[in-house]
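Content type PDB, C-alpha atoms, pLDDT in the B column, from the file coords.pdb:
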ATOM      1  CA  MET A 287     113.358 147.437-162.892  1.00 90.00           C
ATOM      2  CA  ILE A 288     114.871 150.012-165.236  1.00 93.00           C
ATOM      3  CA  ARG A 289     118.028 148.765-166.917  1.00 94.00           C
ATOM      4  CA  LEU A 290     120.582 150.612-169.046  1.00 95.00           C
ATOM      5  CA  ASP A 291     121.932 148.407-171.850  1.00 93.00           C
ATOM      6  CA  ASP A 292     124.758 148.902-174.329  1.00 92.00           C
ATOM      7  CA  LEU A 293     123.873 148.997-178.012  1.00 88.00           C
ATOM      8  CA  PHE A 294     127.503 148.532-179.108  1.00 84.00           C
ATOM      9  CA  VAL A 295     127.057 151.084-181.876  1.00 89.00           C
ATOM     10  CA  HIS A 296     128.483 154.602-181.558  1.00 90.00           C
ATOM     11  CA  GLY A 297     128.757 153.941-177.817  1.00 92.00           C
ATOM     12  CA  TRP A 298     124.994 154.413-177.469  1.00 96.00           C
ATOM     13  CA  LYS A 299     122.868 152.986-174.667  1.00 96.00           C
ATOM     14  CA  ILE A 300     119.169 152.258-174.215  1.00 97.00           C
ATOM     15  CA  TYR A 301     116.910 152.303-171.167  1.00 97.00           C
ATOM     16  CA  GLN A 302     114.598 149.304-170.781  1.00 95.00           C
ATOM     17  CA  ASP A 303     112.081 148.139-168.189  1.00 94.00           C
ATOM     18  CA  THR A 304     112.653 144.476-167.390  1.00 88.00           C
ATOM     19  CA  GLU A 305     109.052 144.137-166.168  1.00 85.00           C
ATOM     20  CA  SER A 306     107.724 145.386-169.495  1.00 80.00           C
ATOM     21  CA  PHE A 307     108.708 144.454-173.046  1.00 79.00           C
ATOM     22  CA  CYS A 308     112.452 144.446-173.859  1.00 87.00           C
ATOM     23  CA  PHE A 309     113.674 144.270-177.442  1.00 91.00           C
ATOM     24  CA  GLY A 310     114.779 140.991-178.989  1.00 92.00           C
ATOM     25  CA  THR A 311     116.226 139.472-182.135  1.00 94.00           C
ATOM     26  CA  ASP A 312     113.198 140.501-184.195  1.00 96.00           C
ATOM     27  CA  ALA A 313     113.986 144.207-183.664  1.00 96.00           C
ATOM     28  CA  ILE A 314     117.631 143.703-184.605  1.00 95.00           C
ATOM     29  CA  LEU A 315     116.651 141.856-187.779  1.00 97.00           C
ATOM     30  CA  LEU A 316     114.066 144.451-188.730  1.00 98.00           C
ATOM     31  CA  GLY A 317     116.427 147.371-188.213  1.00 97.00           C
ATOM     32  CA  ALA A 318     119.072 145.837-190.458  1.00 97.00           C
ATOM     33  CA  PHE A 319     116.510 144.774-193.072  1.00 98.00           C
ATOM     34  CA  ALA A 320     114.935 148.234-193.277  1.00 98.00           C
ATOM     35  CA  ALA A 321     118.334 149.904-193.581  1.00 97.00           C
ATOM     36  CA  GLU A 322     119.520 147.768-196.498  1.00 97.00           C
ATOM     37  CA  LYS A 323     118.203 150.567-198.727  1.00 97.00           C
ATOM     38  CA  ARG A 324     118.854 154.253-198.147  1.00 97.00           C
ATOM     39  CA  PHE A 325     116.327 156.485-196.428  1.00 98.00           C
ATOM     40  CA  ALA A 326     116.312 160.015-195.089  1.00 98.00           C
ATOM     41  CA  LYS A 327     113.114 160.375-193.086  1.00 98.00           C
ATOM     42  CA  ALA A 328     111.869 157.386-191.086  1.00 98.00           C
ATOM     43  CA  VAL A 329     109.016 156.696-188.675  1.00 98.00           C
ATOM     44  CA  ASP A 330     108.755 153.717-186.326  1.00 98.00           C
ATOM     45  CA  LEU A 331     105.232 152.876-185.197  1.00 98.00           C
ATOM     46  CA  GLY A 332     104.835 151.487-181.676  1.00 96.00           C
ATOM     47  CA  CYS A 333     108.479 152.176-180.881  1.00 97.00           C
ATOM     48  CA  GLY A 334     108.391 150.942-177.265  1.00 95.00           C
ATOM     49  CA  THR A 335     111.502 152.138-175.469  1.00 96.00           C
ATOM     50  CA  GLY A 336     113.047 153.258-178.736  1.00 97.00           C
ATOM     51  CA  ILE A 337     115.141 150.389-180.052  1.00 97.00           C
ATOM     52  CA  LEU A 338     114.230 150.842-183.735  1.00 98.00           C
ATOM     53  CA  PRO A 339     114.532 154.659-183.754  1.00 98.00           C
ATOM     54  CA  LEU A 340     118.004 154.240-182.248  1.00 98.00           C
ATOM     55  CA  LEU A 341     118.987 151.508-184.705  1.00 97.00           C
ATOM     56  CA  LEU A 342     117.763 153.494-187.706  1.00 98.00           C
ATOM     57  CA  ALA A 343     119.428 156.691-186.492  1.00 98.00           C
ATOM     58  CA  SER A 344     122.761 154.852-186.317  1.00 96.00           C
ATOM     59  CA  TYR A 345     122.910 154.705-190.126  1.00 96.00           C
ATOM     60  CA  PRO A 346     124.586 157.688-191.856  1.00 95.00           C
ATOM     61  CA  CYS A 347     121.746 158.105-194.359  1.00 96.00           C
ATOM     62  CA  ALA A 348     119.207 158.836-191.599  1.00 98.00           C
ATOM     63  CA  GLU A 349     118.371 162.522-191.389  1.00 98.00           C
ATOM     64  CA  THR A 350     115.354 162.307-189.060  1.00 98.00           C
ATOM     65  CA  VAL A 351     113.737 159.398-187.243  1.00 98.00           C
ATOM     66  CA  CYS A 352     110.475 159.621-185.312  1.00 98.00           C
ATOM     67  CA  GLY A 353     109.171 157.018-182.880  1.00 98.00           C
ATOM     68  CA  VAL A 354     105.451 156.872-182.076  1.00 98.00           C
ATOM     69  CA  GLU A 355     104.491 155.172-178.815  1.00 97.00           C
ATOM     70  CA  ILE A 356     101.144 155.090-176.986  1.00 95.00           C
ATOM     71  CA  SER A 357     102.544 154.126-173.572  1.00 95.00           C
ATOM     72  CA  PRO A 358     103.722 157.182-171.573  1.00 96.00           C
ATOM     73  CA  HIS A 359     106.135 155.014-169.576  1.00 95.00           C
ATOM     74  CA  SER A 360     107.790 153.495-172.654  1.00 96.00           C
ATOM     75  CA  ALA A 361     107.856 156.829-174.485  1.00 97.00           C
ATOM     76  CA  GLU A 362     109.543 158.447-171.485  1.00 97.00           C
ATOM     77  CA  LEU A 363     112.253 155.781-171.456  1.00 97.00           C
ATOM     78  CA  ALA A 364     112.730 156.171-175.213  1.00 98.00           C
ATOM     79  CA  GLN A 365     113.163 159.924-174.804  1.00 98.00           C
ATOM     80  CA  LYS A 366     115.672 159.372-171.982  1.00 98.00           C
ATOM     81  CA  SER A 367     117.737 157.164-174.303  1.00 98.00           C
ATOM     82  CA  VAL A 368     117.596 159.770-177.066  1.00 98.00           C
ATOM     83  CA  ASP A 369     118.744 162.486-174.656  1.00 98.00           C
ATOM     84  CA  LEU A 370     121.449 160.300-173.128  1.00 98.00           C
ATOM     85  CA  ASN A 371     122.920 159.545-176.548  1.00 98.00           C
ATOM     86  CA  GLY A 372     122.795 163.191-177.616  1.00 97.00           C
ATOM     87  CA  ILE A 373     120.747 162.595-180.765  1.00 98.00           C
ATOM     88  CA  GLU A 374     117.687 164.709-179.948  1.00 97.00           C
ATOM     89  CA  ASP A 375     118.405 166.825-183.036  1.00 97.00           C
ATOM     90  CA  ARG A 376     117.658 163.812-185.284  1.00 97.00           C
ATOM     91  CA  VAL A 377     115.392 161.530-183.242  1.00 98.00           C
ATOM     92  CA  LYS A 378     111.956 162.548-181.956  1.00 98.00           C
ATOM     93  CA  ILE A 379     109.658 160.505-179.719  1.00 98.00           C
ATOM     94  CA  LEU A 380     105.911 161.182-179.832  1.00 98.00           C
ATOM     95  CA  CYS A 381     103.675 159.793-177.104  1.00 98.00           C
ATOM     96  CA  GLU A 382     100.431 159.346-178.997  1.00 98.00           C
ATOM     97  CA  ASP A 383      98.090 156.814-180.564  1.00 97.00           C
ATOM     98  CA  LEU A 384      99.317 155.889-184.059  1.00 97.00           C
ATOM     99  CA  ARG A 385      95.679 155.751-185.164  1.00 97.00           C
ATOM    100  CA  ASN A 386      95.495 159.513-184.599  1.00 96.00           C
ATOM    101  CA  THR A 387      99.083 160.569-185.099  1.00 97.00           C
ATOM    102  CA  THR A 388      99.868 164.246-185.573  1.00 97.00           C
ATOM    103  CA  LEU A 389     102.640 163.490-188.076  1.00 98.00           C
ATOM    104  CA  SER A 390     102.211 164.978-191.541  1.00 97.00           C
ATOM    105  CA  ALA A 391     101.075 162.727-194.358  1.00 98.00           C
ATOM    106  CA  GLY A 392     103.230 161.780-197.328  1.00 98.00           C
ATOM    107  CA  LYS A 393     106.603 162.803-195.875  1.00 98.00           C
ATOM    108  CA  ALA A 394     108.335 159.563-194.812  1.00 98.00           C
ATOM    109  CA  ASP A 395     110.718 157.514-196.959  1.00 98.00           C
ATOM    110  CA  LEU A 396     110.489 154.604-194.546  1.00 98.00           C
ATOM    111  CA  VAL A 397     107.983 153.386-191.966  1.00 99.00           C
ATOM    112  CA  THR A 398     108.862 150.448-189.734  1.00 98.00           C
ATOM    113  CA  CYS A 399     106.911 148.451-187.184  1.00 98.00           C
ATOM    114  CA  ASN A 400     107.505 145.472-184.915  1.00 97.00           C
ATOM    115  CA  PRO A 401     103.777 144.883-184.371  1.00 96.00           C
ATOM    116  CA  PRO A 402     101.824 142.748-181.917  1.00 94.00           C
ATOM    117  CA  TYR A 403     101.989 139.249-183.389  1.00 93.00           C
ATOM    118  CA  PHE A 404      98.869 137.691-181.911  1.00 87.00           C
ATOM    119  CA  LEU A 405      95.145 138.273-182.207  1.00 83.00           C
ATOM    120  CA  PRO A 406      93.238 138.951-178.970  1.00 71.00           C
ATOM    121  CA  GLY A 407      92.857 135.785-176.917  1.00 61.00           C
ATOM    122  CA  THR A 408      95.688 133.927-178.699  1.00 61.00           C
ATOM    123  CA  GLY A 409      99.402 133.463-178.078  1.00 55.00           C
ATOM    124  CA  LYS A 410     101.335 133.270-174.836  1.00 59.00           C
ATOM    125  CA  VAL A 411     101.855 136.451-172.822  1.00 54.00           C
ATOM    126  CA  SER A 412     103.842 136.254-169.580  1.00 52.00           C
ATOM    127  CA  SER A 413     102.490 139.392-167.905  1.00 49.00           C
ATOM    128  CA  GLU A 414      99.789 142.025-168.236  1.00 52.00           C
ATOM    129  CA  LYS A 415     102.433 144.681-168.957  1.00 53.00           C
ATOM    130  CA  LYS A 416     103.444 142.789-172.096  1.00 53.00           C
ATOM    131  CA  GLU A 417      99.879 142.304-173.313  1.00 52.00           C
ATOM    132  CA  SER A 418      99.688 145.316-175.642  1.00 55.00           C
ATOM    133  CA  ALA A 419     103.117 144.580-177.106  1.00 58.00           C
ATOM    134  CA  ARG A 420     102.249 140.995-177.997  1.00 71.00           C
ATOM    135  CA  ARG A 421      98.522 141.061-178.824  1.00 67.00           C
ATOM    136  CA  GLU A 422      96.424 143.332-181.011  1.00 73.00           C
ATOM    137  CA  GLU A 423      94.690 144.985-178.080  1.00 80.00           C
ATOM    138  CA  THR A 424      95.336 148.718-178.580  1.00 80.00           C
ATOM    139  CA  CYS A 425      95.688 148.527-182.372  1.00 92.00           C
ATOM    140  CA  THR A 426      95.404 146.002-185.187  1.00 95.00           C
ATOM    141  CA  PHE A 427      97.688 145.372-188.131  1.00 97.00           C
ATOM    142  CA  GLU A 428      95.061 147.140-190.237  1.00 97.00           C
ATOM    143  CA  ASP A 429      95.524 150.246-188.069  1.00 97.00           C
ATOM    144  CA  ILE A 430      99.302 150.056-188.422  1.00 98.00           C
ATOM    145  CA  ALA A 431      99.278 149.569-192.189  1.00 98.00           C
ATOM    146  CA  ALA A 432      96.740 152.367-192.671  1.00 98.00           C
ATOM    147  CA  CYS A 433      98.974 154.712-190.675  1.00 98.00           C
ATOM    148  CA  ALA A 434     102.024 153.674-192.708  1.00 98.00           C
ATOM    149  CA  ALA A 435     100.155 154.239-195.971  1.00 98.00           C
ATOM    150  CA  ARG A 436      99.225 157.755-194.870  1.00 98.00           C
ATOM    151  CA  LEU A 437     102.705 158.727-193.671  1.00 98.00           C
ATOM    152  CA  LEU A 438     104.689 157.387-196.633  1.00 98.00           C
ATOM    153  CA  LYS A 439     105.466 159.360-199.748  1.00 98.00           C
ATOM    154  CA  PHE A 440     104.830 157.679-203.115  1.00 98.00           C
ATOM    155  CA  GLY A 441     107.460 154.956-203.521  1.00 98.00           C
ATOM    156  CA  GLY A 442     108.184 154.916-199.785  1.00 98.00           C
ATOM    157  CA  ARG A 443     108.789 151.641-197.979  1.00 98.00           C
ATOM    158  CA  PHE A 444     106.896 149.932-195.159  1.00 99.00           C
ATOM    159  CA  CYS A 445     109.067 147.318-193.430  1.00 99.00           C
ATOM    160  CA  PHE A 446     107.846 145.029-190.670  1.00 98.00           C
ATOM    161  CA  VAL A 447     108.414 141.690-188.968  1.00 98.00           C
ATOM    162  CA  HIS A 448     105.696 139.158-188.236  1.00 98.00           C
ATOM    163  CA  LYS A 449     104.829 135.504-187.680  1.00 97.00           C
ATOM    164  CA  PRO A 450     104.492 133.119-190.676  1.00 98.00           C
ATOM    165  CA  GLU A 451     100.973 132.115-189.666  1.00 96.00           C
ATOM    166  CA  ARG A 452      99.855 135.719-190.234  1.00 96.00           C
ATOM    167  CA  LEU A 453     101.542 136.064-193.649  1.00 98.00           C
ATOM    168  CA  CYS A 454      98.484 135.760-195.875  1.00 97.00           C
ATOM    169  CA  HIS A 455      96.412 138.130-193.777  1.00 97.00           C
ATOM    170  CA  VAL A 456      98.978 140.911-193.365  1.00 98.00           C
ATOM    171  CA  SER A 457     100.027 140.731-197.026  1.00 98.00           C
ATOM    172  CA  ALA A 458      96.421 141.148-198.152  1.00 98.00           C
ATOM    173  CA  VAL A 459      95.878 144.038-195.733  1.00 98.00           C
ATOM    174  CA  ALA A 460      98.991 145.879-196.910  1.00 98.00           C
ATOM    175  CA  SER A 461      98.150 145.401-200.589  1.00 98.00           C
ATOM    176  CA  SER A 462      94.574 146.606-200.073  1.00 98.00           C
ATOM    177  CA  LEU A 463      95.968 149.871-198.687  1.00 98.00           C
ATOM    178  CA  GLY A 464      98.283 150.493-201.633  1.00 98.00           C
ATOM    179  CA  LEU A 465     101.356 149.040-199.915  1.00 98.00           C
ATOM    180  CA  GLU A 466     102.445 146.345-202.344  1.00 98.00           C
ATOM    181  CA  PRO A 467     104.561 143.500-200.887  1.00 98.00           C
ATOM    182  CA  LYS A 468     107.897 143.549-202.715  1.00 98.00           C
ATOM    183  CA  VAL A 469     110.421 141.602-200.587  1.00 98.00           C
ATOM    184  CA  LEU A 470     109.836 138.620-198.294  1.00 98.00           C
ATOM    185  CA  ARG A 471     112.517 137.040-196.102  1.00 98.00           C
ATOM    186  CA  PHE A 472     111.864 134.043-193.842  1.00 98.00           C
ATOM    187  CA  ILE A 473     113.868 133.780-190.607  1.00 98.00           C
ATOM    188  CA  TYR A 474     114.850 130.289-189.465  1.00 98.00           C
ATOM    189  CA  PRO A 475     116.228 129.531-185.977  1.00 98.00           C
ATOM    190  CA  LYS A 476     118.230 126.658-187.538  1.00 98.00           C
ATOM    191  CA  ALA A 477     118.447 125.265-191.073  1.00 97.00           C
ATOM    192  CA  ASP A 478     116.422 122.151-190.206  1.00 96.00           C
ATOM    193  CA  ARG A 479     113.602 124.051-188.460  1.00 97.00           C
ATOM    194  CA  SER A 480     110.515 125.803-189.744  1.00 98.00           C
ATOM    195  CA  PRO A 481     110.697 129.601-190.000  1.00 98.00           C
ATOM    196  CA  GLU A 482     109.648 131.482-186.857  1.00 97.00           C
ATOM    197  CA  LEU A 483     109.478 134.980-188.326  1.00 98.00           C
ATOM    198  CA  PHE A 484     109.381 136.772-191.631  1.00 98.00           C
ATOM    199  CA  LEU A 485     110.470 140.227-192.724  1.00 98.00           C
ATOM    200  CA  MET A 486     108.517 142.051-195.396  1.00 98.00           C
ATOM    201  CA  GLU A 487     109.098 145.221-197.391  1.00 98.00           C
ATOM    202  CA  CYS A 488     106.071 146.840-199.014  1.00 98.00           C
ATOM    203  CA  LYS A 489     106.247 149.821-201.344  1.00 98.00           C
ATOM    204  CA  LYS A 490     103.600 152.502-201.646  1.00 98.00           C
ATOM    205  CA  GLY A 491     102.117 152.688-205.132  1.00 98.00           C
ATOM    206  CA  ALA A 492     104.260 149.889-206.571  1.00 98.00           C
ATOM    207  CA  ALA A 493     103.158 147.333-209.126  1.00 97.00           C
ATOM    208  CA  ALA A 494     102.624 143.719-208.069  1.00 95.00           C
ATOM    209  CA  GLY A 495     105.692 141.503-207.968  1.00 97.00           C
ATOM    210  CA  LEU A 496     107.193 139.799-204.915  1.00 98.00           C
ATOM    211  CA  LYS A 497     110.842 138.788-204.471  1.00 98.00           C
ATOM    212  CA  VAL A 498     111.493 135.984-201.959  1.00 98.00           C
ATOM    213  CA  ASP A 499     114.973 136.164-200.449  1.00 98.00           C
ATOM    214  CA  PRO A 500     117.086 133.102-199.610  1.00 97.00           C
ATOM    215  CA  PRO A 501     116.415 131.652-196.142  1.00 97.00           C
ATOM    216  CA  PHE A 502     118.022 133.614-193.303  1.00 98.00           C
ATOM    217  CA  VAL A 503     119.313 131.172-190.670  1.00 98.00           C
ATOM    218  CA  LEU A 504     120.247 132.450-187.205  1.00 97.00           C
ATOM    219  CA  TYR A 505     122.198 129.534-185.673  1.00 97.00           C
ATOM    220  CA  ASP A 506     124.186 126.552-186.939  1.00 96.00           C
ATOM    221  CA  GLU A 507     123.810 122.978-185.700  1.00 95.00           C
ATOM    222  CA  LEU A 508     126.081 123.728-182.718  1.00 96.00           C
ATOM    223  CA  GLY A 509     124.050 126.733-181.645  1.00 95.00           C
ATOM    224  CA  ASN A 510     126.567 129.322-182.852  1.00 95.00           C
ATOM    225  CA  GLU A 511     125.479 132.421-184.731  1.00 95.00           C
ATOM    226  CA  THR A 512     125.753 132.016-188.494  1.00 96.00           C
ATOM    227  CA  PRO A 513     128.034 134.459-190.363  1.00 95.00           C
ATOM    228  CA  THR A 514     124.982 136.181-191.860  1.00 93.00           C
ATOM    229  CA  PHE A 515     123.505 136.785-188.414  1.00 95.00           C
ATOM    230  CA  GLN A 516     126.874 137.841-186.989  1.00 92.00           C
ATOM    231  CA  ALA A 517     127.170 140.433-189.740  1.00 90.00           C
ATOM    232  CA  ILE A 518     124.156 142.365-188.426  1.00 88.00           C
ATOM    233  CA  HIS A 519     124.196 141.351-184.754  1.00 68.00           C
ATOM    234  CA  ARG A 520     125.878 144.362-183.177  1.00 58.00           C
ATOM    235  CA  PHE A 521     124.526 143.642-179.698  1.00 51.00           C
TER     236      PHE A 521
END
Could you write out this file's structure as structure tokens?
Amino acid sequence: MIRLDDLFVHGWKIYQDTESFCFGTDAILLGAFAAEKRFAKAVDLGCGTGILPLLLASYPCAETVCGVEISPHSAELAQKSVDLNGIEDRVKILCEDLRNTTLSAGKADLVTCNPPYFLPGTGKVSSEKKESARREETCTFEDIAACAARLLKFGGRFCFVHKPERLCHVSAVASSLGLEPKVLRFIYPKADRSPELFLMECKKGAAAGLKVDPPFVLYDELGNETPTFQAIHRF
């Protein structure tokens, strides 16, 4: 079923397919994390129905944002949201494989990605339609990082969200491609729990040196959003 949801920013809305993959907290966290530093030209890889292109375009510094999505159905919904919100002059949706993207190299200030978290044959997936969004079936993290490295200008940032159990692997992959991990932020559901996600910022051509942010906790002991989460949770 196609659903039209409020974004509660600029009065914008987004189309989503409830039988496919709808955005969650990880996309909200990534959008805010990536936008903590200014950018002009951004690309979101595997944009789905367009949540991150819309989030990034909501910031005044954003001049152009491009979403790349391999699924024609998801790309069509993303384009419908762009048209509905009247931002087609700044946001472009490309339906293509990120491994062979037609975007020019070395132009982006920022590349983002909410990638598939699980290797093939691992993790829980509730339906076949969600398979490619949750598992590395159509592309691997290596494919994503290689695309980001090609699209970014020198000093550009690659920001992504992932699972803690993949931290060592994805960090090594990014570094091997000239995307040096610079900022790491662990996301905790509650203060007494283990982290469920992490956010990472890598910089193209940067020297080694990683900054680990303080823990980011989503909910207090009563299940209420923490002030830090409330500050970015516009949905």
For this session: Provide the CA of Asp395 (chain A) to CA of Ala326 (chain A) distance in Å, to one decimal place.
Result: 6.4 Å
Exercise. By how many Å are CA of Ala477 (chain A) and CA of Thr512 (chain A) apart?
Worked result: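 Atom-to-atom, CA of Ala477 (chain A) and CA of Thr512 (chain A) are spaced 10.3 Å apart.
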For this session: Write out as a PyMOL selection string each polymer residue whose atoms come within 7 Å of Asp291 (chain A), counting only C-alpha atoms; drop sequence neighbours fewer than 4 positions from it.
Result: chain A and resi 299-301
Exercise. So what do you get for CA of Ala394 (chain A) versus CA of Phe325 (chain A), distance-wise?
Worked result: 8.7 Å
For this session: Just the residues within 12 Å of Arg324 (chain A), please, counting all atoms listed in the file, with nothing from its chain fewer than 5 positions along; format it as a ChimeraX atom specification.
Result: /A:318-319,342-343,345-349,395-396,442-443
The PyMOL selection byres ((chain A and resi 336) around 10) on the file shown: which residues, as an mmCIF file with C-alpha atoms, in the coordinates of the input?
data_model
loop_
_atom_site.group_PDB
_atom_site.id
_atom_site.type_symbol
_atom_site.label_atom_id
_atom_site.label_comp_id
_atom_site.auth_asym_id
_atom_site.auth_seq_id
_atom_site.Cartn_x
_atom_site.Cartn_y
_atom_site.Cartn_z
ATOM 1 C CA ILE A 300 119.169 152.258 -174.215
ATOM 2 C CA TYR A 301 116.910 152.303 -171.167
ATOM 3 C CA GLN A 302 114.598 149.304 -170.781
ATOM 4 C CA PHE A 309 113.674 144.270 -177.442
ATOM 5 C CA ASP A 330 108.755 153.717 -186.326
ATOM 6 C CA GLY A 332 104.835 151.487 -181.676
ATOM 7 C CA CYS A 333 108.479 152.176 -180.881
ATOM 8 C CA GLY A 334 108.391 150.942 -177.265
ATOM 9 C CA THR A 335 111.502 152.138 -175.469
ATOM 10 C CA ILE A 337 115.141 150.389 -180.052
ATOM 11 C CA LEU A 338 114.230 150.842 -183.735
ATOM 12 C CA PRO A 339 114.532 154.659 -183.754
ATOM 13 C CA LEU A 340 118.004 154.240 -182.248
ATOM 14 C CA LEU A 341 118.987 151.508 -184.705
ATOM 15 C CA CYS A 352 110.475 159.621 -185.312
ATOM 16 C CA GLY A 353 109.171 157.018 -182.880
ATOM 17 C CA VAL A 354 105.451 156.872 -182.076
ATOM 18 C CA GLU A 355 104.491 155.172 -178.815
ATOM 19 C CA SER A 360 107.790 153.495 -172.654
ATOM 20 C CA ALA A 361 107.856 156.829 -174.485
ATOM 21 C CA GLU A 362 109.543 158.447 -171.485
ATOM 22 C CA LEU A 363 112.253 155.781 -171.456
ATOM 23 C CA ALA A 364 112.730 156.171 -175.213
ATOM 24 C CA GLN A 365 113.163 159.924 -174.804
ATOM 25 C CA LYS A 366 115.672 159.372 -171.982
ATOM 26 C CA SER A 367 117.737 157.164 -174.303
ATOM 27 C CA VAL A 368 117.596 159.770 -177.066
ATOM 28 C CA VAL A 377 115.392 161.530 -183.242
ATOM 29 C CA LYS A 378 111.956 162.548 -181.956
ATOM 30 C CA ILE A 379 109.658 160.505 -179.719
#
For this session: I need the residue set behind the PyMOL selection byres ((chain A and resi 288) around 8) for this file; please write it as a PyMOL selection string.
Result: chain A and resi 287+289-290+301-304
Problem set entry | Test item: residues at most 10 Å from region 483-487 of chain A, all atoms listed in the file, excluding those fewer than 5 positions along its chain, as number ranges by chain | A: 312, 315-316, 319-320, 396-398, 400, 403, 443-453, 456-457, 465-475, 496-499, 501-502
Exercise. Written as an MDAnalysis selection string, which residues does the PyMOL selection byres ((chain A and resi 507) around 12) give for the file shown?
Worked result: chainID A and resid 475:479 503:506 508:512
Problem set entry | Closest of A:Ile314, A:Leu380, A:Leu405, A:Leu437 to His359 (chain A) - atom-to-atom distances counting all atoms listed in the file |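 When distances to His359 (chain A) are compared using all atoms listed in the file, the smallest one comes from A:Leu380.
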Seminar exercise, completed: Of A:Ile430, A:Gly495, A:Ala458, A:Arg420, the one sitting nearest Cys308 (chain A) when using only C-alpha atoms is A:Arg420
Exercise. Which of these, A:Asp383, A:Glu422, A:Asp429, A:Glu482, has the shortest distance to Ile356 (chain A) once you count all atoms listed in the file?
Worked result: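 Looking only at the distances to Ile356 (chain A), the closest residue turns out to be A:Asp383.
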